[in-house]
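For reference, input_11.cif (mmCIF, C-alpha atoms):
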```
data_data
#
loop_
_atom_site.group_PDB
_atom_site.id
_atom_site.type_symbol
_atom_site.label_atom_id
_atom_site.label_comp_id
_atom_site.auth_asym_id
_atom_site.auth_seq_id
_atom_site.Cartn_x
_atom_site.Cartn_y
_atom_site.Cartn_z
ATOM 1 C CA MET T 1 -89.534 -127.046 -112.693
ATOM 2 C CA LYS T 2 -89.696 -130.713 -113.629
ATOM 3 C CA TYR T 3 -91.908 -129.889 -116.610
ATOM 4 C CA LEU T 4 -89.682 -127.049 -117.672
ATOM 5 C CA SER T 5 -86.642 -129.294 -117.840
ATOM 6 C CA LEU T 6 -88.678 -131.889 -119.751
ATOM 7 C CA ILE T 7 -89.650 -129.274 -122.302
ATOM 8 C CA PHE T 8 -86.042 -128.174 -122.556
ATOM 9 C CA LEU T 9 -84.853 -131.755 -123.113
ATOM 10 C CA SER T 10 -87.444 -132.380 -125.799
ATOM 11 C CA LEU T 11 -86.248 -129.234 -127.564
ATOM 12 C CA CYS T 12 -82.749 -130.720 -127.663
ATOM 13 C CA LEU T 13 -83.920 -133.900 -129.371
ATOM 14 C CA PRO T 14 -84.269 -132.820 -133.009
ATOM 15 C CA ILE T 15 -80.665 -131.539 -133.117
ATOM 16 C CA ALA T 16 -79.225 -134.979 -133.822
ATOM 17 C CA VAL T 17 -80.144 -135.238 -137.494
ATOM 18 C CA ASN T 18 -78.020 -135.855 -140.565
ATOM 19 C CA ALA T 19 -76.494 -133.121 -142.659
ATOM 20 C CA ILE T 20 -78.998 -131.873 -145.160
ATOM 21 C CA ASP T 21 -78.456 -132.681 -148.772
ATOM 22 C CA SER T 22 -80.513 -135.632 -149.781
ATOM 23 C CA LYS T 23 -79.306 -137.596 -152.735
ATOM 24 C CA ALA T 24 -81.927 -139.410 -154.769
ATOM 25 C CA PHE T 25 -81.315 -142.909 -156.060
ATOM 26 C CA SER T 26 -83.653 -144.804 -158.340
ATOM 27 C CA ASP T 27 -82.414 -148.100 -156.904
ATOM 28 C CA PRO T 28 -83.215 -148.600 -153.187
ATOM 29 C CA ARG T 29 -80.168 -150.871 -152.831
ATOM 30 C CA GLN T 30 -77.929 -148.039 -153.972
ATOM 31 C CA GLN T 31 -79.662 -145.750 -151.502
ATOM 32 C CA GLN T 32 -78.896 -148.279 -148.792
ATOM 33 C CA ALA T 33 -75.257 -148.553 -149.907
ATOM 34 C CA TYR T 34 -74.973 -144.756 -149.930
ATOM 35 C CA GLU T 35 -76.312 -144.481 -146.425
ATOM 36 C CA THR T 36 -74.037 -147.179 -144.982
ATOM 37 C CA LEU T 37 -70.950 -145.866 -146.790
ATOM 38 C CA THR T 38 -71.406 -142.262 -145.728
ATOM 39 C CA SER T 39 -71.896 -143.372 -142.137
ATOM 40 C CA GLU T 40 -68.668 -145.414 -142.206
ATOM 41 C CA LEU T 41 -66.403 -142.739 -143.634
ATOM 42 C CA ARG T 42 -64.824 -140.175 -141.353
ATOM 43 C CA CYS T 43 -64.949 -136.483 -142.085
ATOM 44 C CA LEU T 44 -61.303 -135.471 -141.825
ATOM 45 C CA VAL T 45 -62.037 -131.871 -140.923
ATOM 46 C CA CYS T 46 -64.236 -132.623 -137.931
ATOM 47 C CA GLN T 47 -62.686 -135.930 -137.002
ATOM 48 C CA ASN T 48 -65.365 -137.289 -134.735
ATOM 49 C CA GLN T 49 -68.132 -137.061 -137.295
ATOM 50 C CA THR T 50 -68.955 -139.249 -140.242
ATOM 51 C CA ILE T 51 -69.375 -137.641 -143.631
ATOM 52 C CA ALA T 52 -73.104 -138.353 -143.305
ATOM 53 C CA ASP T 53 -73.288 -136.272 -140.118
ATOM 54 C CA SER T 54 -70.946 -133.461 -140.945
ATOM 55 C CA ASN T 55 -71.842 -130.172 -142.547
ATOM 56 C CA ALA T 56 -68.220 -129.392 -143.434
ATOM 57 C CA GLU T 57 -67.565 -128.635 -147.072
ATOM 58 C CA LEU T 58 -65.165 -131.534 -147.422
ATOM 59 C CA ALA T 59 -67.830 -133.914 -146.106
ATOM 60 C CA SER T 60 -70.307 -132.629 -148.664
ATOM 61 C CA ASP T 61 -67.696 -133.066 -151.437
ATOM 62 C CA LEU T 62 -67.016 -136.610 -150.283
ATOM 63 C CA ARG T 63 -70.739 -137.383 -150.187
ATOM 64 C CA ARG T 64 -70.972 -136.140 -153.749
ATOM 65 C CA GLN T 65 -68.007 -138.386 -154.639
ATOM 66 C CA VAL T 66 -69.675 -141.446 -153.069
ATOM 67 C CA TYR T 67 -72.950 -140.596 -154.805
ATOM 68 C CA GLU T 68 -71.324 -140.270 -158.211
ATOM 69 C CA MET T 69 -69.317 -143.448 -157.849
ATOM 70 C CA LEU T 70 -72.437 -145.399 -156.884
ATOM 71 C CA GLN T 71 -74.272 -143.938 -159.884
ATOM 72 C CA GLN T 72 -71.389 -145.141 -162.063
ATOM 73 C CA GLY T 73 -72.026 -148.621 -160.697
ATOM 74 C CA LYS T 74 -68.870 -148.805 -158.562
ATOM 75 C CA SER T 75 -68.934 -151.379 -155.773
ATOM 76 C CA ARG T 76 -68.648 -150.662 -152.070
ATOM 77 C CA ASP T 77 -65.076 -152.021 -152.004
ATOM 78 C CA GLU T 78 -64.024 -149.867 -154.933
ATOM 79 C CA ILE T 79 -65.310 -146.752 -153.185
ATOM 80 C CA VAL T 80 -63.612 -147.663 -149.891
ATOM 81 C CA GLN T 81 -60.374 -148.293 -151.828
ATOM 82 C CA PHE T 82 -60.720 -144.922 -153.569
ATOM 83 C CA MET T 83 -61.043 -143.164 -150.201
ATOM 84 C CA THR T 84 -58.197 -145.020 -148.453
ATOM 85 C CA ASP T 85 -55.881 -144.449 -151.448
ATOM 86 C CA ARG T 86 -56.319 -140.737 -150.877
ATOM 87 C CA TYR T 87 -56.906 -140.272 -147.168
ATOM 88 C CA GLY T 88 -55.416 -143.424 -145.627
ATOM 89 C CA ASP T 89 -57.054 -145.866 -143.221
ATOM 90 C CA PHE T 90 -57.964 -142.989 -140.940
ATOM 91 C CA VAL T 91 -60.898 -142.172 -143.213
ATOM 92 C CA LEU T 92 -62.511 -145.452 -142.138
ATOM 93 C CA TYR T 93 -64.296 -145.559 -138.811
ATOM 94 C CA LYS T 94 -63.438 -149.247 -138.648
ATOM 95 C CA PRO T 95 -59.815 -149.600 -139.795
ATOM 96 C CA PRO T 96 -58.756 -152.925 -141.371
ATOM 97 C CA PHE T 97 -56.728 -155.355 -139.290
ATOM 98 C CA LYS T 98 -53.094 -155.279 -140.438
ATOM 99 C CA ALA T 99 -49.574 -154.961 -139.026
ATOM 100 C CA LYS T 100 -49.857 -151.208 -138.516
ATOM 101 C CA THR T 101 -53.246 -151.337 -136.799
ATOM 102 C CA GLY T 102 -52.488 -154.529 -134.864
ATOM 103 C CA LEU T 103 -51.860 -152.714 -131.590
ATOM 104 C CA LEU T 104 -55.140 -150.858 -131.996
ATOM 105 C CA TRP T 105 -57.119 -154.053 -132.384
ATOM 106 C CA LEU T 106 -55.194 -156.337 -130.018
ATOM 107 C CA GLY T 107 -54.290 -153.736 -127.372
ATOM 108 C CA PRO T 108 -57.564 -154.042 -125.425
ATOM 109 C CA VAL T 109 -57.359 -157.864 -125.461
ATOM 110 C CA VAL T 110 -53.754 -157.726 -124.209
ATOM 111 C CA PHE T 111 -54.737 -155.362 -121.392
ATOM 112 C CA LEU T 112 -57.672 -157.574 -120.445
ATOM 113 C CA MET T 113 -55.371 -160.608 -120.280
ATOM 114 C CA LEU T 114 -52.855 -158.674 -118.156
ATOM 115 C CA GLY T 115 -55.677 -157.671 -115.823
ATOM 116 C CA ILE T 116 -56.922 -161.247 -115.465
ATOM 117 C CA ILE T 117 -53.382 -162.499 -114.775
ATOM 118 C CA ALA T 118 -52.875 -159.769 -112.164
ATOM 119 C CA VAL T 119 -56.144 -160.604 -110.388
ATOM 120 C CA PHE T 120 -55.247 -164.301 -110.438
ATOM 121 C CA LEU T 121 -51.791 -163.653 -108.939
ATOM 122 C CA VAL T 122 -53.149 -161.369 -106.221
ATOM 123 C CA LEU T 123 -55.824 -163.891 -105.248
ATOM 124 C CA LYS T 124 -53.262 -166.679 -105.143
ATOM 125 C CA ARG T 125 -50.972 -164.691 -102.892
ATOM 126 C CA LYS T 126 -53.843 -163.776 -100.553
ATOM 127 C CA LYS T 127 -54.843 -167.421 -100.280
ATOM 128 C CA GLN T 128 -51.282 -168.457 -99.435
ATOM 129 C CA ALA T 129 -51.028 -165.767 -96.769
ATOM 130 C CA ALA T 130 -54.360 -166.898 -95.324
ATOM 131 C CA THR T 131 -53.293 -170.577 -95.078
ATOM 132 C CA GLN T 132 -50.003 -169.522 -93.497
ATOM 133 C CA GLU T 133 -51.868 -167.468 -90.910
ATOM 134 C CA ASN T 134 -54.172 -170.387 -90.251
ATOM 135 C CA GLY T 135 -51.178 -172.636 -89.602
ATOM 136 C CA GLN T 136 -49.724 -170.116 -87.185
ATOM 137 C CA ALA T 137 -53.012 -169.737 -85.378
ATOM 138 C CA GLU T 138 -53.141 -173.499 -84.944
ATOM 139 C CA LYS T 139 -49.603 -173.546 -83.527
ATOM 140 C CA LEU T 140 -50.465 -170.733 -81.156
ATOM 141 C CA ALA T 141 -53.515 -172.594 -79.925
ATOM 142 C CA LYS T 142 -51.415 -175.691 -79.385
ATOM 143 C CA ILE T 143 -48.874 -173.717 -77.376
ATOM 144 C CA CYS T 144 -51.587 -172.212 -75.249
ATOM 145 C CA ARG T 145 -53.102 -175.624 -74.688
ATOM 146 C CA LEU T 146 -49.725 -177.055 -73.668
ATOM 147 C CA LEU T 147 -49.116 -174.166 -71.318
ATOM 148 C CA ASP T 148 -52.556 -174.602 -69.773
ATOM 149 C CA GLU T 149 -51.982 -178.298 -69.310
ATOM 150 C CA GLY T 150 -48.608 -177.559 -67.731
ATOM 151 C CA ASP T 151 -50.266 -175.269 -65.228
ATOM 152 C CA VAL T 152 -52.669 -177.978 -64.163
ATOM 153 C CA SER T 153 -50.042 -180.641 -63.455
ATOM 154 C CA MET O 1 -38.158 -153.849 -102.954
ATOM 155 C CA LEU O 2 -39.886 -155.011 -106.150
ATOM 156 C CA LYS O 3 -43.180 -154.035 -104.561
ATOM 157 C CA TYR O 4 -42.115 -150.387 -104.685
ATOM 158 C CA ILE O 5 -40.182 -150.382 -107.948
ATOM 159 C CA LEU O 6 -42.877 -152.064 -110.059
ATOM 160 C CA PRO O 7 -45.542 -149.351 -109.611
ATOM 161 C CA LEU O 8 -42.884 -146.726 -110.253
ATOM 162 C CA ILE O 9 -41.891 -148.387 -113.534
ATOM 163 C CA LEU O 10 -45.554 -148.700 -114.545
ATOM 164 C CA PHE O 11 -46.076 -145.047 -113.732
ATOM 165 C CA ILE O 12 -43.067 -143.999 -115.813
ATOM 166 C CA ILE O 13 -44.262 -146.057 -118.810
ATOM 167 C CA MET O 14 -47.723 -144.518 -118.567
ATOM 168 C CA ALA O 15 -46.278 -141.035 -118.212
ATOM 169 C CA ILE O 16 -44.160 -141.533 -121.340
ATOM 170 C CA PHE O 17 -47.144 -142.721 -123.402
ATOM 171 C CA LEU O 18 -49.344 -139.880 -122.158
ATOM 172 C CA ALA O 19 -46.604 -137.354 -122.924
ATOM 173 C CA ILE O 20 -46.297 -138.710 -126.479
ATOM 174 C CA GLY O 21 -50.074 -138.608 -126.832
ATOM 175 C CA LEU O 22 -50.230 -135.016 -125.670
ATOM 176 C CA ASN O 23 -47.619 -133.947 -128.174
ATOM 177 C CA LEU O 24 -49.178 -135.675 -131.171
ATOM 178 C CA ASN O 25 -51.147 -133.475 -133.486
ATOM 179 C CA PRO O 26 -54.437 -135.225 -134.272
ATOM 180 C CA SER O 27 -54.979 -133.091 -137.365
ATOM 181 C CA GLU O 28 -51.772 -134.433 -138.894
ATOM 182 C CA ILE O 29 -52.789 -137.568 -140.735
ATOM 183 C CA PRO O 30 -50.015 -139.417 -142.564
ATOM 184 C CA SER O 31 -50.588 -139.202 -146.303
ATOM 185 C CA PRO O 32 -50.890 -142.500 -148.170
ATOM 186 C CA LEU O 33 -49.519 -140.649 -151.210
ATOM 187 C CA LEU O 34 -45.943 -140.570 -149.909
ATOM 188 C CA ASN O 35 -43.470 -142.090 -152.383
ATOM 189 C CA LYS O 36 -46.281 -142.700 -154.849
ATOM 190 C CA PRO O 37 -46.833 -140.942 -158.184
ATOM 191 C CA ALA O 38 -48.481 -137.567 -157.749
ATOM 192 C CA PRO O 39 -52.210 -137.684 -158.609
ATOM 193 C CA VAL O 40 -52.843 -136.628 -162.195
ATOM 194 C CA PHE O 41 -54.478 -133.282 -162.881
ATOM 195 C CA PHE O 42 -55.286 -131.244 -165.950
ATOM 196 C CA ALA O 43 -56.724 -127.940 -164.860
ATOM 197 C CA PRO O 44 -57.131 -124.344 -166.051
ATOM 198 C CA LYS O 45 -54.608 -121.765 -164.888
ATOM 199 C CA LEU O 46 -55.939 -119.113 -162.544
ATOM 200 C CA GLN O 47 -54.455 -116.218 -164.436
ATOM 201 C CA ALA O 48 -55.055 -117.616 -167.934
ATOM 202 C CA PRO O 49 -58.145 -119.855 -167.731
ATOM 203 C CA SER O 50 -57.921 -120.778 -171.410
ATOM 204 C CA GLU O 51 -54.587 -122.539 -170.748
ATOM 205 C CA LYS O 52 -54.381 -125.750 -168.815
ATOM 206 C CA LEU O 53 -51.600 -127.277 -166.766
ATOM 207 C CA ALA O 54 -50.972 -130.996 -166.357
ATOM 208 C CA ASN O 55 -48.484 -132.505 -163.911
ATOM 209 C CA ILE O 56 -46.627 -134.100 -166.848
ATOM 210 C CA ASP O 57 -45.607 -130.541 -167.781
ATOM 211 C CA LEU O 58 -43.564 -130.478 -164.566
ATOM 212 C CA LYS O 59 -41.732 -133.760 -165.056
ATOM 213 C CA GLY O 60 -37.965 -133.509 -164.607
ATOM 214 C CA GLN O 61 -38.140 -130.767 -162.009
ATOM 215 C CA VAL O 62 -38.606 -130.628 -158.263
ATOM 216 C CA TRP O 63 -41.748 -128.677 -157.414
ATOM 217 C CA LEU O 64 -43.896 -127.667 -154.492
ATOM 218 C CA PHE O 65 -47.641 -128.062 -154.700
ATOM 219 C CA ASN O 66 -49.237 -125.598 -152.328
ATOM 220 C CA VAL O 67 -52.974 -125.758 -151.695
ATOM 221 C CA TRP O 68 -54.362 -122.301 -150.922
ATOM 222 C CA ALA O 69 -57.509 -120.194 -150.991
ATOM 223 C CA SER O 70 -58.360 -116.578 -150.391
ATOM 224 C CA TRP O 71 -60.905 -117.624 -147.729
ATOM 225 C CA CYS O 72 -58.271 -119.522 -145.770
ATOM 226 C CA VAL O 73 -57.015 -117.672 -142.719
ATOM 227 C CA SER O 74 -53.807 -119.641 -142.133
ATOM 228 C CA CYS O 75 -52.866 -119.132 -145.804
ATOM 229 C CA ARG O 76 -52.468 -115.443 -145.051
ATOM 230 C CA GLU O 77 -50.041 -116.335 -142.285
ATOM 231 C CA GLU O 78 -48.117 -118.615 -144.637
ATOM 232 C CA HIS O 79 -48.044 -116.267 -147.613
ATOM 233 C CA PRO O 80 -44.968 -114.151 -146.733
ATOM 234 C CA VAL O 81 -43.009 -117.384 -146.152
ATOM 235 C CA LEU O 82 -43.871 -118.573 -149.659
ATOM 236 C CA ASN O 83 -43.013 -115.153 -151.090
ATOM 237 C CA GLU O 84 -39.599 -115.386 -149.453
ATOM 238 C CA LEU O 85 -39.093 -118.926 -150.765
ATOM 239 C CA ALA O 86 -40.059 -117.771 -154.266
ATOM 240 C CA ARG O 87 -37.564 -114.884 -154.027
ATOM 241 C CA GLN O 88 -34.775 -117.414 -153.424
ATOM 242 C CA LYS O 89 -35.831 -119.257 -156.594
ATOM 243 C CA ALA O 90 -34.961 -122.558 -154.935
ATOM 244 C CA VAL O 91 -37.858 -124.489 -156.392
ATOM 245 C CA THR O 92 -40.849 -124.292 -158.731
ATOM 246 C CA ILE O 93 -43.987 -123.477 -156.741
ATOM 247 C CA VAL O 94 -47.321 -124.554 -158.161
ATOM 248 C CA GLY O 95 -50.457 -123.335 -156.420
ATOM 249 C CA LEU O 96 -53.762 -125.154 -156.205
ATOM 250 C CA ASN O 97 -56.426 -122.538 -155.737
ATOM 251 C CA TYR O 98 -58.870 -124.719 -153.815
ATOM 252 C CA LYS O 99 -62.623 -124.059 -153.886
ATOM 253 C CA ASP O 100 -62.155 -120.367 -154.379
ATOM 254 C CA ASP O 101 -63.690 -117.540 -156.314
ATOM 255 C CA PRO O 102 -61.220 -116.746 -159.156
ATOM 256 C CA SER O 103 -61.586 -112.974 -158.864
ATOM 257 C CA ALA O 104 -61.055 -113.070 -155.088
ATOM 258 C CA ALA O 105 -58.035 -115.312 -155.656
ATOM 259 C CA LYS O 106 -56.509 -112.968 -158.255
ATOM 260 C CA ASN O 107 -57.140 -110.027 -156.005
ATOM 261 C CA TRP O 108 -55.331 -111.856 -153.168
ATOM 262 C CA LEU O 109 -52.251 -112.412 -155.354
ATOM 263 C CA ASP O 110 -52.289 -108.783 -156.538
ATOM 264 C CA THR O 111 -52.345 -107.381 -153.020
ATOM 265 C CA LEU O 112 -50.158 -109.902 -151.153
ATOM 266 C CA GLY O 113 -47.730 -110.852 -153.922
ATOM 267 C CA ASN O 114 -47.609 -113.947 -156.086
ATOM 268 C CA PRO O 115 -45.091 -116.609 -155.027
ATOM 269 C CA TYR O 116 -46.459 -119.147 -157.528
ATOM 270 C CA ASN O 117 -44.884 -119.942 -160.863
ATOM 271 C CA VAL O 118 -48.401 -120.930 -161.780
ATOM 272 C CA SER O 119 -51.679 -121.513 -159.925
ATOM 273 C CA ILE O 120 -54.379 -123.831 -161.149
ATOM 274 C CA MET O 121 -58.054 -123.730 -160.260
ATOM 275 C CA ASP O 122 -59.986 -126.406 -158.417
ATOM 276 C CA GLN O 123 -63.362 -124.824 -157.917
ATOM 277 C CA ASP O 124 -65.319 -127.976 -157.133
ATOM 278 C CA GLY O 125 -62.605 -129.563 -154.967
ATOM 279 C CA ARG O 126 -62.051 -132.666 -157.121
ATOM 280 C CA ILE O 127 -58.296 -132.249 -157.469
ATOM 281 C CA GLY O 128 -58.255 -131.683 -153.713
ATOM 282 C CA ILE O 129 -59.941 -135.059 -153.139
ATOM 283 C CA ASP O 130 -57.412 -136.778 -155.431
ATOM 284 C CA TRP O 131 -54.588 -135.318 -153.355
ATOM 285 C CA GLY O 132 -56.284 -136.172 -150.061
ATOM 286 C CA VAL O 133 -56.586 -132.525 -149.095
ATOM 287 C CA TYR O 134 -58.574 -132.006 -145.894
ATOM 288 C CA GLY O 135 -57.215 -128.821 -144.422
ATOM 289 C CA VAL O 136 -55.913 -125.824 -146.304
ATOM 290 C CA PRO O 137 -53.055 -124.888 -146.497
ATOM 291 C CA GLU O 138 -51.235 -128.073 -147.421
ATOM 292 C CA THR O 139 -47.892 -128.331 -149.171
ATOM 293 C CA PHE O 140 -46.528 -131.297 -151.101
ATOM 294 C CA VAL O 141 -42.975 -131.770 -152.394
ATOM 295 C CA ILE O 142 -42.767 -133.647 -155.705
ATOM 296 C CA ASP O 143 -39.498 -134.999 -157.081
ATOM 297 C CA LYS O 144 -38.146 -135.090 -160.646
ATOM 298 C CA LYS O 145 -39.767 -138.452 -161.323
ATOM 299 C CA GLY O 146 -43.147 -137.121 -160.284
ATOM 300 C CA LEU O 147 -43.330 -138.916 -156.922
ATOM 301 C CA VAL O 148 -44.773 -137.234 -153.842
ATOM 302 C CA ARG O 149 -41.912 -137.119 -151.337
ATOM 303 C CA TYR O 150 -43.275 -135.011 -148.496
ATOM 304 C CA LYS O 151 -46.507 -133.568 -147.232
ATOM 305 C CA HIS O 152 -46.905 -130.682 -144.842
ATOM 306 C CA THR O 153 -50.297 -129.905 -143.321
ATOM 307 C CA GLY O 154 -51.007 -126.412 -142.046
ATOM 308 C CA PRO O 155 -49.096 -123.180 -142.647
ATOM 309 C CA VAL O 156 -45.408 -123.492 -143.538
ATOM 310 C CA THR O 157 -43.258 -121.533 -141.090
ATOM 311 C CA PRO O 158 -39.784 -120.059 -141.735
ATOM 312 C CA ILE O 159 -38.411 -122.809 -139.451
ATOM 313 C CA ASP O 160 -40.073 -125.500 -141.603
ATOM 314 C CA VAL O 161 -38.486 -123.946 -144.678
ATOM 315 C CA GLN O 162 -35.012 -123.898 -143.144
ATOM 316 C CA GLN O 163 -35.120 -127.266 -141.415
ATOM 317 C CA THR O 164 -37.256 -129.365 -143.748
ATOM 318 C CA PHE O 165 -38.065 -127.884 -147.134
ATOM 319 C CA LEU O 166 -34.712 -126.451 -148.247
ATOM 320 C CA PRO O 167 -32.631 -129.529 -147.257
ATOM 321 C CA LEU O 168 -35.190 -131.851 -148.894
ATOM 322 C CA ILE O 169 -35.326 -129.740 -152.060
ATOM 323 C CA ALA O 170 -31.517 -129.717 -152.289
ATOM 324 C CA GLN O 171 -31.457 -133.491 -151.851
ATOM 325 C CA LEU O 172 -34.143 -134.015 -154.509
ATOM 326 C CA GLN O 173 -32.434 -131.595 -156.930
ATOM 327 C CA ALA O 174 -29.319 -133.767 -156.672
ATOM 328 C CA GLU O 175 -31.207 -136.931 -157.590
ATOM 329 C CA PRO O 176 -31.135 -137.996 -161.253
ATOM 330 C CA SER O 177 -34.329 -137.341 -163.168
#
```

Before anything else, please render the file you have as structure tokens.
Amino acid sequence: MKYLSLIFLSLCLPIAVNAIDSKAFSDPRQQQAYETLTSELRCLVCQNQTIADSNAELASDLRRQVYEMLQQGKSRDEIVQFMTDRYGDFVLYKPPFKAKTGLLWLGPVVFLMLGIIAVFLVLKRKKQAATQENGQAEKLAKICRLLDEGDVS
Amino acid sequence: MLKYILPLILFIIMAIFLAIGLNLNPSEIPSPLLNKPAPVFFAPKLQAPSEKLANIDLKGQVWLFNVWASWCVSCREEHPVLNELARQKAVTIVGLNYKDDPSAAKNWLDTLGNPYNVSIMDQDGRIGIDWGVYGVPETFVIDKKGLVRYKHTGPVTPIDVQQTFLPLIAQLQAEPS
């Protein structure tokens, strides 16, 4: 049974490969740029895939677009600008930091800070309650002691 | 007292955000083209491939740019709505026949009716990329100056026509060219 499941798992492995249409570049740097760019651009049809991963037609068209622009000698920034001019920041897996995306970037930090403040306040309150209880316990002990002494005399 | 009200307030805030999140449509991505000049095209007409249409030809009029294809299922749902809109002659409707086979496209118009004043062909999807098309059907409203004023993703329903398109078209018709 153990072996069977191992075999099954190993069969699942080769599924995670890129969409198949290899583009040939003469310049290895361009090849590199192509690979990074296509893995940073979102396929808008299947929104949780990059255009490098997706087999959707739009993704293949956008790969062709990136390929052609690189062949024309366009820079990375020019290509990213081309895509955001048409599809908006959503096409980028890593949106730029600006007023509109501020909440997206700062939200987690704000929540972390709120969490830390909350923990701090709770701890402080617990400590106060503990010292108060300690004080009362002391008083109680004193009363008992006094009572005991009273009994003796 | 605060001890009980605070969690309640937090819960209400969370519930509101979750409700908004549930009602958002993730496939509706705001178009960066809004209030910008419509992307330039110069493309052959579907029914007369030797003639070409450019968007300068449409300057001075309000027009709809409807992206469609014969392979697109929701376009079939939308088609009668466009036919009805065309019958009212409220606006010029230009079709972008997106990544389609021309004969299949012509056949589609012959059997289902042709609401388009003219349809242009975009067989390799390049005009689609320029317009940021990612899901067919899509409908753009372009004003007399050639600016994109509205984008609708997905099939246009009769309610959309009544509540959004017709009022917007009337408003844009009234603007000076």

Can you pull out the residues contacting O:Trp63? Cut-off 6 Å, using all atoms listed in the file, and skip same-chain residues under 2 positions away; I want them as a PDB file with C-alpha atoms, keeping the file's coordinate frame.
```pdb
ATOM      1  CA  VAL O  91     -37.858-124.489-156.392  1.00  0.00           C
ATOM      2  CA  THR O  92     -40.849-124.292-158.731  1.00  0.00           C
ATOM      3  CA  ILE O  93     -43.987-123.477-156.741  1.00  0.00           C
ATOM      4  CA  ILE O 142     -42.767-133.647-155.705  1.00  0.00           C
TER       5      ILE O 142
END
```

Practice problem: Rank T:Val66, T:Leu103, T:Leu140, T:Ile117 by their smallest atom-to-atom distance to T:Phe82, using only C-alpha atoms, and report the top residue only. | Solution: T:Val66

Quiz item: From the list O:Gly113, O:Pro155, O:Pro26, O:Pro176, which residue is nearest chain T when using only C-alpha atoms?
Solution: O:Pro26

Practice problem: Could you please tell me, as a list in words, which residues of chain T have an atom within 10 Å of chain O when using only C-alpha atoms? | Solution: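 For chain T, the answer reads Cys43, Leu44, Val45, Cys46, Gln47, Glu57, Leu58, Ala59, Asp61, Leu62, Gln65, Phe82, Met83, Thr84, Asp85, Arg86, Tyr87, Gly88, Asp89, Phe90 and Val91 of chain T.
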
Practice problem: For O:Val81, please output as an MDAnalysis selection string all residues within 8 Å (counting all atoms listed in the file; exclusion window: fewer than 6 positions along the same chain). | Solution: chainID O and resid 156:158

Quiz prompt | Residue members of the PyMOL selection byres ((chain O and resi 169) around 10) in the file shown, as a VMD selection string | solution = chain O and resid 62 to 64 90 to 91 141 to 143 149 161 164 to 168 170 to 175
